[in-house]
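Here is the file input21.csv (CSV, C-alpha atoms and all ligand atoms).
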```csv
chain,number,residue,atom,x,y,z
D,174,MET,CA,82.3,110.4,16.2
D,175,SER,CA,78.7,111.6,16.6
D,176,SER,CA,77.4,114.9,15.3
D,177,ALA,CA,78.2,118.2,16.9
D,178,PRO,CA,76.5,118.7,20.3
D,179,ASP,CA,73.9,121.4,21.0
D,180,PRO,CA,75.9,124.5,22.0
D,181,SER,CA,73.7,125.0,25.0
D,182,SER,CA,74.0,121.4,26.3
D,183,PRO,CA,76.0,120.7,29.4
D,184,ALA,CA,78.5,118.7,27.3
D,185,ALA,CA,79.1,121.6,25.1
D,186,ARG,CA,79.5,124.0,28.0
D,187,VAL,CA,82.1,121.7,29.6
D,188,SER,CA,83.8,121.2,26.3
D,189,ALA,CA,84.3,125.0,26.1
D,190,MET,CA,86.2,124.8,29.4
D,191,LEU,CA,88.6,122.0,28.3
D,192,PRO,CA,92.1,122.8,27.1
D,193,HIS,CA,92.4,123.0,23.4
D,194,GLU,CA,94.1,119.7,23.0
D,195,LEU,CA,91.3,117.9,24.8
D,196,GLN,CA,88.5,119.3,22.8
D,197,PRO,CA,86.2,116.9,21.0
D,198,ALA,CA,87.1,116.3,17.4
D,199,THR,CA,84.0,118.2,16.1
D,200,THR,CA,85.4,121.5,17.5
D,201,LEU,CA,88.9,121.1,16.3
D,202,PRO,CA,90.2,122.4,12.9
D,203,SER,CA,89.9,119.6,10.3
D,204,VAL,CA,93.8,119.4,9.9
D,205,THR,CA,94.3,118.4,13.6
D,206,ALA,CA,93.8,114.7,14.6
D,207,PRO,CA,91.4,114.3,17.5
D,208,GLU,CA,93.3,113.4,20.7
D,209,VAL,CA,90.4,112.4,22.8
D,210,THR,CA,87.9,110.2,20.9
D,211,ALA,CA,85.2,110.2,23.5
D,212,PRO,CA,85.5,112.7,26.3
D,213,VAL,CA,83.8,111.6,29.4
D,214,PRO,CA,81.0,113.9,30.7
D,215,ALA,CA,82.3,116.3,33.2
D,216,GLN,CA,81.1,118.7,35.9
D,217,PRO,CA,82.5,122.2,35.7
D,218,VAL,CA,84.2,123.5,38.8
D,219,GLY,CA,85.8,126.9,38.5
D,220,MET,CA,88.7,126.7,36.0
D,221,GLY,CA,88.4,122.9,36.0
D,222,ALA,CA,86.1,120.1,35.3
D,223,VAL,CA,85.5,116.9,37.3
D,224,LEU,CA,85.3,113.9,34.9
D,225,GLU,CA,82.5,111.4,35.5
D,226,HIS,CA,85.2,108.7,35.7
D,227,PRO,CA,89.0,108.8,35.2
D,228,HIS,CA,90.0,108.6,31.5
D,229,THR,CA,90.5,105.1,30.1
D,230,ARG,CA,92.9,104.1,27.3
D,231,ALA,CA,90.1,103.7,24.8
D,232,GLU,CA,89.2,107.4,25.1
D,233,PHE,CA,92.5,108.5,23.7
D,234,SER,CA,93.6,108.2,20.1
D,235,VAL,CA,97.2,109.1,20.9
D,236,PRO,CA,99.4,106.5,22.6
D,237,PRO,CA,99.9,106.9,26.4
D,238,VAL,CA,103.1,108.2,27.8
D,239,VAL,CA,102.4,106.5,31.2
D,240,GLN,CA,99.7,103.9,31.9
D,241,PHE,CA,98.9,102.0,35.1
D,242,LYS,CA,96.9,98.8,34.6
D,243,ASN,CA,95.4,97.4,37.8
D,244,VAL,CA,98.6,98.2,39.7
D,245,THR,CA,98.8,97.1,43.3
D,246,LYS,CA,101.9,97.5,45.6
D,247,THR,CA,102.2,95.4,48.7
D,248,TYR,CA,105.3,96.1,50.6
D,249,ASN,CA,107.0,93.1,52.3
D,250,PHE,CA,104.7,90.9,50.3
D,251,GLY,CA,104.2,87.4,51.8
D,252,GLU,CA,105.7,88.5,55.2
D,253,SER,CA,103.9,89.1,58.5
D,254,ASN,CA,104.4,92.9,58.1
D,255,ALA,CA,102.9,93.0,54.5
D,256,TYR,CA,101.3,96.3,53.8
D,257,THR,CA,99.2,97.2,50.7
D,258,ALA,CA,99.9,100.9,49.9
D,259,ILE,CA,98.1,101.2,46.6
D,260,ARG,CA,95.4,98.9,45.1
D,261,ASP,CA,94.1,98.5,41.6
D,262,ILE,CA,95.4,101.8,40.3
D,263,ASN,CA,94.3,102.6,36.7
D,264,PHE,CA,95.1,105.7,34.8
D,265,VAL,CA,96.4,106.8,31.4
D,266,VAL,CA,98.2,110.0,30.4
D,267,PRO,CA,98.3,110.7,26.7
D,268,ASP,CA,101.5,111.5,24.9
D,269,LEU,CA,100.5,114.8,23.4
D,270,PRO,CA,102.6,115.8,20.4
D,271,ASP,CA,104.9,118.9,21.1
D,272,LYS,CA,103.4,119.3,24.5
D,273,GLY,CA,103.6,117.3,27.7
D,274,GLU,CA,100.8,117.0,30.3
D,275,PHE,CA,101.3,118.4,33.8
D,276,VAL,CA,99.7,115.8,36.1
D,277,CYS,CA,99.3,116.6,39.8
D,278,ILE,CA,98.6,113.9,42.4
D,279,LEU,CA,96.7,115.0,45.5
D,280,GLY,CA,95.6,112.8,48.4
D,281,PRO,CA,95.8,112.3,52.1
D,282,SER,CA,99.3,111.6,53.5
D,283,GLY,CA,100.2,107.9,53.3
D,284,CYS,CA,97.8,107.2,50.4
D,285,GLY,CA,100.6,106.0,48.1
D,286,LYS,CA,101.5,109.1,46.0
D,287,SER,CA,105.3,108.6,46.3
D,288,THR,CA,104.8,104.9,45.7
D,289,ILE,CA,103.2,105.7,42.3
D,290,LEU,CA,106.0,108.2,41.4
D,291,ARG,CA,108.7,105.7,42.3
D,292,LEU,CA,107.0,102.9,40.3
D,293,ILE,CA,107.1,105.2,37.2
D,294,ALA,CA,110.8,105.9,38.0
D,295,GLY,CA,111.5,102.2,38.4
D,296,LEU,CA,113.1,102.7,41.8
D,297,GLU,CA,113.2,99.9,44.4
D,298,PRO,CA,111.6,98.8,46.7
D,299,GLN,CA,108.5,100.3,45.1
D,300,HIS,CA,109.5,98.8,41.8
D,301,PRO,CA,108.3,96.2,40.7
D,302,ALA,CA,104.6,96.4,41.3
D,303,THR,CA,103.2,93.4,43.2
D,304,THR,CA,100.5,92.9,40.5
D,305,GLY,CA,99.5,94.8,37.4
D,306,GLU,CA,101.5,96.7,34.9
D,307,VAL,CA,103.3,100.0,34.8
D,308,LEU,CA,103.9,101.1,31.2
D,309,VAL,CA,106.1,104.0,30.1
D,310,LEU,CA,105.8,104.8,26.4
D,311,ASN,CA,103.9,101.5,26.0
D,312,ARG,CA,106.7,99.4,27.5
D,313,PRO,CA,106.7,97.8,31.0
D,314,VAL,CA,109.1,99.6,33.3
D,315,ALA,CA,112.1,97.5,33.9
D,316,GLY,CA,114.1,99.9,36.1
D,317,PRO,CA,115.3,103.5,36.1
D,318,GLY,CA,116.0,105.1,32.6
D,319,ALA,CA,117.2,108.3,31.0
D,320,ASP,CA,113.7,109.0,29.8
D,321,ARG,CA,112.7,109.7,33.4
D,322,GLY,CA,114.2,112.4,35.7
D,323,MET,CA,113.3,112.9,39.3
D,324,VAL,CA,113.3,116.0,41.6
D,325,PHE,CA,112.8,115.4,45.3
D,326,GLN,CA,111.8,117.8,48.2
D,327,ASP,CA,115.1,117.2,49.9
D,328,TYR,CA,118.0,119.0,48.4
D,329,THR,CA,119.9,116.4,46.6
D,330,SER,CA,122.9,118.2,45.3
D,331,PHE,CA,126.4,116.9,46.0
D,332,ASP,CA,127.9,119.1,48.8
D,333,HIS,CA,131.4,118.9,47.4
D,334,ARG,CA,130.4,120.1,43.9
D,335,THR,CA,129.7,123.6,42.8
D,336,VAL,CA,126.4,124.7,41.2
D,337,LEU,CA,127.8,124.2,37.7
D,338,ASP,CA,129.4,120.8,38.5
D,339,ASN,CA,126.1,119.7,40.1
D,340,ILE,CA,124.1,120.7,37.0
D,341,VAL,CA,126.5,118.9,34.6
D,342,PHE,CA,126.8,115.8,36.7
D,343,GLY,CA,124.4,113.7,34.5
D,344,LEU,CA,126.2,114.9,31.3
D,345,GLU,CA,129.5,113.8,32.9
D,346,CYS,CA,128.1,110.4,33.6
D,347,LEU,CA,127.0,110.2,30.0
D,348,GLY,CA,130.5,111.0,28.8
D,349,VAL,CA,129.7,114.3,27.2
D,350,ARG,CA,133.0,116.2,26.7
D,351,ARG,CA,134.0,118.9,29.2
D,352,SER,CA,133.6,122.0,27.0
D,353,GLU,CA,130.2,121.0,25.7
D,354,ARG,CA,128.9,120.0,29.2
D,355,TYR,CA,130.0,123.3,30.7
D,356,ALA,CA,128.5,125.3,27.8
D,357,ARG,CA,125.2,123.5,28.3
D,358,GLY,CA,125.5,123.8,32.1
D,359,ARG,CA,126.0,127.5,32.0
D,360,GLU,CA,122.9,127.8,29.8
D,361,TRP,CA,120.9,125.9,32.4
D,362,VAL,CA,122.3,128.1,35.2
D,363,LYS,CA,120.6,131.0,33.4
D,364,GLN,CA,117.5,129.1,32.5
D,365,VAL,CA,116.7,128.4,36.1
D,366,GLY,CA,117.2,132.1,37.0
D,367,LEU,CA,120.7,131.8,38.6
D,368,ASN,CA,123.6,134.0,37.7
D,369,THR,CA,126.5,132.5,35.8
D,370,ALA,CA,129.0,135.0,37.2
D,371,THR,CA,128.0,135.0,40.8
D,372,ASP,CA,126.3,131.6,41.5
D,373,ALA,CA,127.9,129.0,39.2
D,374,ASP,CA,130.9,128.5,41.4
D,375,LYS,CA,129.1,128.4,44.8
D,376,TYR,CA,128.7,125.3,46.8
D,377,PRO,CA,125.3,124.0,48.0
D,378,HIS,CA,125.8,125.3,51.6
D,379,GLU,CA,126.1,128.8,50.2
D,380,LEU,CA,122.7,128.7,48.6
D,381,SER,CA,119.1,129.4,49.8
D,382,GLY,CA,116.5,126.6,49.6
D,383,GLY,CA,115.0,128.1,46.5
D,384,MET,CA,118.4,128.3,44.8
D,385,ARG,CA,119.1,124.7,45.6
D,386,GLN,CA,115.8,123.6,44.1
D,387,ARG,CA,116.7,125.6,41.0
D,388,VAL,CA,119.9,123.6,40.8
D,389,ALA,CA,118.0,120.3,41.2
D,390,ILE,CA,115.6,121.3,38.4
D,391,ALA,CA,118.5,122.3,36.1
D,392,ARG,CA,120.3,119.0,36.9
D,393,THR,CA,117.3,117.0,35.8
D,394,LEU,CA,116.1,119.1,32.8
D,395,ILE,CA,119.6,119.3,31.2
D,396,LEU,CA,119.2,115.6,30.5
D,397,LYS,CA,115.9,116.3,28.5
D,398,PRO,CA,113.8,113.5,30.1
D,399,ARG,CA,110.5,112.7,28.4
D,400,ILE,CA,109.0,112.4,31.9
D,401,ILE,CA,109.8,114.5,34.9
D,402,LEU,CA,108.8,113.1,38.3
D,403,MET,CA,108.6,115.7,41.1
D,404,ASP,CA,107.9,114.6,44.7
D,405,GLU,CA,106.9,117.7,46.8
D,406,PRO,CA,109.8,119.7,45.2
D,407,PHE,CA,108.7,123.0,46.8
D,408,GLY,CA,107.4,121.6,50.1
D,409,ALA,CA,110.2,123.1,52.1
D,410,LEU,CA,110.1,126.6,50.6
D,411,ASP,CA,108.6,129.8,52.0
D,412,PRO,CA,105.3,130.9,50.2
D,413,VAL,CA,106.9,133.7,48.1
D,414,THR,CA,109.8,131.6,46.9
D,415,ARG,CA,107.3,128.8,46.3
D,416,MET,CA,105.2,130.9,43.9
D,417,ASN,CA,108.3,132.2,42.1
D,418,MET,CA,109.3,128.5,41.6
D,419,GLN,CA,105.9,127.6,40.3
D,420,ASP,CA,106.1,130.4,37.7
D,421,LEU,CA,109.6,129.2,36.7
D,422,LEU,CA,108.4,125.7,36.4
D,423,VAL,CA,105.5,126.6,34.1
D,424,LYS,CA,107.9,128.5,31.9
D,425,LEU,CA,110.5,125.7,31.8
D,426,TRP,CA,107.9,123.0,31.3
D,427,ARG,CA,106.5,124.8,28.2
D,428,ASP,CA,110.0,124.9,26.8
D,429,VAL,CA,111.0,121.3,27.4
D,430,GLN,CA,107.6,119.8,26.5
D,431,ALA,CA,108.0,116.9,28.9
D,432,THR,CA,105.2,115.1,30.8
D,433,VAL,CA,105.4,116.1,34.5
D,434,PHE,CA,104.1,114.1,37.4
D,435,PHE,CA,103.9,116.3,40.4
D,436,ILE,CA,103.1,115.4,44.0
D,437,THR,CA,102.1,118.2,46.3
D,438,HIS,CA,100.1,118.9,49.5
D,439,SER,CA,99.3,122.4,48.3
D,440,ILE,CA,96.0,122.4,46.5
D,441,GLU,CA,96.7,125.9,45.1
D,442,GLU,CA,99.9,124.6,43.6
D,443,ALA,CA,98.1,121.7,42.0
D,444,VAL,CA,95.4,124.0,40.5
D,445,PHE,CA,98.0,126.4,39.2
D,446,LEU,CA,100.3,123.9,37.7
D,447,GLY,CA,98.1,120.9,36.7
D,448,ASP,CA,96.4,120.2,33.4
D,449,ARG,CA,95.1,117.2,35.1
D,450,VAL,CA,94.7,116.4,38.8
D,451,TYR,CA,94.2,112.9,40.3
D,452,ILE,CA,92.6,112.7,43.7
D,453,MET,CA,93.5,109.6,45.6
D,454,SER,CA,91.6,107.7,48.3
D,455,ASN,CA,92.9,106.9,51.8
D,456,ALA,CA,95.2,103.9,51.9
D,457,PRO,CA,95.3,101.6,50.2
D,458,GLY,CA,95.2,104.3,47.6
D,459,THR,CA,93.1,104.2,44.5
D,460,ILE,CA,92.2,107.0,42.1
D,461,LEU,CA,88.9,108.5,43.1
D,462,GLN,CA,88.6,111.4,40.7
D,463,GLU,CA,90.2,113.0,37.8
D,464,LEU,CA,89.9,116.7,37.0
D,465,GLU,CA,91.0,118.6,33.9
D,466,ILE,CA,92.1,122.1,34.6
D,467,ARG,CA,92.5,125.0,32.2
D,468,PRO,CA,96.1,126.2,31.9
D,469,ALA,CA,96.9,129.2,34.1
D,470,ASP,CA,97.2,132.4,32.0
D,471,LYS,CA,98.7,134.6,34.7
D,472,PRO,CA,101.5,134.4,37.3
D,473,ALA,CA,100.7,132.3,40.4
D,474,LYS,CA,100.2,135.3,42.7
D,475,GLU,CA,97.6,136.8,40.4
D,476,MET,CA,95.9,133.5,39.6
D,477,GLN,CA,95.3,132.9,43.3
D,478,ARG,CA,93.0,136.0,43.5
D,479,GLU,CA,90.7,134.8,40.7
D,480,PRO,CA,87.3,133.5,41.7
D,481,ARG,CA,87.4,130.7,39.1
D,482,PHE,CA,90.7,129.6,40.6
D,483,GLN,CA,89.4,129.8,44.2
D,484,GLU,CA,86.3,127.7,43.2
D,485,THR,CA,88.5,124.8,42.0
D,486,VAL,CA,90.7,125.1,45.1
D,487,ALA,CA,87.6,125.0,47.4
D,488,TYR,CA,86.2,122.0,45.6
D,489,LEU,CA,89.5,120.1,46.0
D,490,ARG,CA,89.9,121.2,49.6
D,491,ASP,CA,86.5,119.8,50.5
D,492,GLN,CA,87.3,116.5,48.8
D,493,ILE,CA,90.7,116.1,50.6
D,494,SER,CA,89.2,117.3,54.0
D,495,GLN,CA,86.5,114.6,53.8
D,496,LEU,CA,89.2,112.0,53.1
D,497,GLU,CA,91.3,113.2,55.9
D,498,MET,CA,88.3,113.0,58.3
D,499,GLY,CA,87.5,109.4,57.1
D,500,LYS,CA,91.0,108.2,58.1
D,501,ASP,CA,91.3,105.6,60.9
O,1,LIG,P1,102.4,109.3,50.3
O,1,LIG,O1,103.4,109.7,49.4
O,1,LIG,O2,101.0,109.4,49.8
O,1,LIG,O3,102.5,110.0,51.7
O,1,LIG,P2,103.8,106.7,50.3
O,1,LIG,O4,103.7,106.2,48.9
O,1,LIG,O5,105.1,107.4,50.7
O,1,LIG,O6,102.6,107.7,50.6
O,1,LIG,O7,103.5,105.5,51.3
O,1,LIG,C1,102.3,104.8,51.3
O,1,LIG,C2,102.3,103.9,52.5
O,1,LIG,O8,103.2,102.9,52.2
O,1,LIG,C3,102.6,104.5,53.8
O,1,LIG,O9,101.8,103.9,54.8
O,1,LIG,C4,104.1,104.1,54.0
O,1,LIG,O10,104.4,104.0,55.4
O,1,LIG,C5,104.1,102.8,53.3
O,1,LIG,N1,105.5,102.6,52.8
O,1,LIG,C6,106.2,103.4,51.9
O,1,LIG,N2,107.4,102.8,51.6
O,1,LIG,C7,107.5,101.7,52.3
O,1,LIG,C8,108.5,100.6,52.4
O,1,LIG,N3,109.6,100.7,51.7
O,1,LIG,N4,108.2,99.6,53.2
O,1,LIG,C9,107.0,99.5,53.9
O,1,LIG,N5,106.0,100.4,53.8
O,1,LIG,C10,106.2,101.5,53.0
```

Translate this file's structure into structure tokens.
Amino acid sequence: MSSAPDPSSPAARVSAMLPHELQPATTLPSVTAPEVTAPVPAQPVGMGAVLEHPHTRAEFSVPPVVQFKNVTKTYNFGESNAYTAIRDINFVVPDLPDKGEFVCILGPSGCGKSTILRLIAGLEPQHPATTGEVLVLNRPVAGPGADRGMVFQDYTSFDHRTVLDNIVFGLECLGVRRSERYARGREWVKQVGLNTATDADKYPHELSGGMRQRVAIARTLILKPRIILMDEPFGALDPVTRMNMQDLLVKLWRDVQATVFFITHSIEEAVFLGDRVYIMSNAPGTILQELEIRPADKPAKEMQREPRFQETVAYLRDQISQLEMGKD
């Protein structure tokens, strides 16, 4: 590591904006191992910073939780209707001790965001990649696994099961005994802000959209996955419910310490939730930019009024608008 930078230099000013765990080693207490060995120069934008290039594996001294190495996915490969959705995707998300990263993926529709998420999940037909390697905890993904949980936009609860029975479904599949799974299930009913007395025995058709997504989140988190994959989970909710769900998600995520991959079309949502935002190109999707964002220190509604928040949102909105305009 080189000596400490001049405090007035651009690198030092950017460094001051980065989350604590991404600070260069020279600014960390001596007992803490450096997690980023060589931060790439970055341009400050409001409460974030645009990296000069997306991080590479060599820049992290901790192992990656997820890494894509030159990943390309061509649907219907070798057939007349072959279509390349993503091309040469490279990124690396570090496995931070006692804290997961919150990674948001933004990009024009059809650029391959869901394809990336489902490749991490190991779900067909996205899995396997046509070329390249998808690594989870340093191992190539071979299929779905208990280390990864997924929450979709569509309400995916079982209609014939109550809230509590939906939440404990995964534990039931794992053979956890009844009394334990219901005790844990009731805990999760509370954790996601539902009421054990009045909501636990309701069926999905008796719930609002927000409540159903609370059930979906509880059902996934009760299994304690290392990686949570969320595909537009709040896309169908009204704006107020959506902000409440964002606040809930931040709180839960801090408790469960998982790494989250989150797809959204809402730039505000990405800036509020993300530690890291990837901007993807038009199809075939590649990663164009990586931003690091300082963690939100206020509820979503208040953050959205802050000039530093709005500056980051405006920057991202410009980038996405330019991409949308450049589409065929
Ligand atoms: P995004 O999530 O960014 O909207 P997707 O990953 O869903 O994009 O899809 C990327 C492209 O791949 C789209 O053009 C879509 O039509 C295409 N695609 C997705 N799934 C399949 C599939 N199973 N077979 C063929 N093409 C697909």

Task: One-decimal distance in Å that lies between CA of Met403 in chain D and CA of Val314 in chain D - done: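 Result for CA of Val314 in chain D versus CA of Met403 in chain D: 17.9 Å, one decimal.
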
Task: Nearest to Ser282 in chain D by atom-to-atom distance, counting all atoms listed in the file, from D:Ala258, D:Ala319, D:Val324, D:Val336 - done: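 For Ser282 in chain D, the nearest of the given residues is D:Ala258.
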
Open item on the list: Could you list, as a list of chain:residue names, all protein and nucleic acid residues with an atom at most 6 Å from ligand LIG 1 (chain O), counting all atoms listed in the file?
Closed with: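 If we count all atoms listed in the file, the neighbours of ligand LIG 1 (chain O) turn out to be D:Tyr248, D:Ala258, D:Ser282, D:Gly283, D:Cys284, D:Gly285, D:Lys286, D:Ser287, D:Thr288, D:Pro298.
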
TODO: Identify the residues within 12 Å of coordinate (109.8, 116.0, 45.8) (same frame as the file), considering all atoms listed in the file, and give the answer as a PyMOL selection string.
DONE: chain D and resi 278+286-287+290-291+322-329+386+389-390+401-410+434-438

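Every protein, DNA or RNA residue with an atom at most 12 Å from Asn249 in chain D, where all atoms listed in the file count and chain neighbours fewer than 5 positions away do not, is listed here: Asn254, Ala255, Tyr256, Thr257, Ala258, Pro298, Gln299, Ala302 and Thr303 of chain D.
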
Save the residues we just selected, C-alpha atoms, as a short mmCIF file (atom, residue, chain, number, x, y, z; two decimals), in the frame of the given file?
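And here is the file that came out, out30.cif:
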```cif
data_model
loop_
_atom_site.label_atom_id
_atom_site.label_comp_id
_atom_site.auth_asym_id
_atom_site.auth_seq_id
_atom_site.Cartn_x
_atom_site.Cartn_y
_atom_site.Cartn_z
CA ASN D 254 104.40 92.90 58.10
CA ALA D 255 102.90 93.00 54.50
CA TYR D 256 101.30 96.30 53.80
CA THR D 257 99.20 97.20 50.70
CA ALA D 258 99.90 100.90 49.90
CA PRO D 298 111.60 98.80 46.70
CA GLN D 299 108.50 100.30 45.10
CA ALA D 302 104.60 96.40 41.30
CA THR D 303 103.20 93.40 43.20
#
```

Task: Spatial neighbours of Pro227 in chain D, 7 Å, only C-alpha atoms, chain gap at least 3 places, as a list in words - done: Leu224, Phe264, Gln462 and Glu463 of chain D

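The nearest approach to Leu461 in chain D among the residues D:Leu269, D:Leu489, D:Val307, D:Leu394, with all atoms listed in the file taken into account, belongs to D:Leu489.
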
- [ ] For a cut-off of 10 Å around (94.6, 99.5, 30.7), file coordinates, pick out all residues using only C-alpha atoms and list them as a list of chain:residue names.
- [x] D:Thr229, D:Arg230, D:Ala231, D:Gln240, D:Phe241, D:Lys242, D:Asn243, D:Val244, D:Ile262, D:Asn263, D:Phe264, D:Val265, D:Gly305, D:Glu306, D:Val307, D:Leu308

Residues of range 422-482 of chain D at most 12 Å from range 355-376 of chain D: nearest atom pair and distance in Å, only C-alpha atoms, as JSON lines:
```
{"residue": "D:Leu422", "atom": "CA", "partner": "D:Val365", "partner_atom": "CA", "distance": 8.7}
{"residue": "D:Val423", "atom": "CA", "partner": "D:Val365", "partner_atom": "CA", "distance": 11.5}
{"residue": "D:Lys424", "atom": "CA", "partner": "D:Gln364", "partner_atom": "CA", "distance": 9.6}
{"residue": "D:Leu425", "atom": "CA", "partner": "D:Gln364", "partner_atom": "CA", "distance": 7.8}
{"residue": "D:Trp426", "atom": "CA", "partner": "D:Val365", "partner_atom": "CA", "distance": 11.4}
{"residue": "D:Asp428", "atom": "CA", "partner": "D:Gln364", "partner_atom": "CA", "distance": 10.3}
{"residue": "D:Val429", "atom": "CA", "partner": "D:Gln364", "partner_atom": "CA", "distance": 11.4}
```

Open item on the list: Considering only C-alpha atoms, can you say which of D:Pro412, D:Val266, D:Ser454, D:Arg385 comes closest to Leu496 in chain D?
Closed with: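 Ranking D:Pro412, D:Val266, D:Ser454, D:Arg385 by distance to Leu496 in chain D, first place goes to D:Ser454.
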
Open item on the list: One decimal, in Å: what's the spacing between CA of Thr459 in chain D and CA of Ile259 in chain D?
Closed with: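 One can read the CA of Thr459 in chain D to CA of Ile259 in chain D distance as 6.2 Å.
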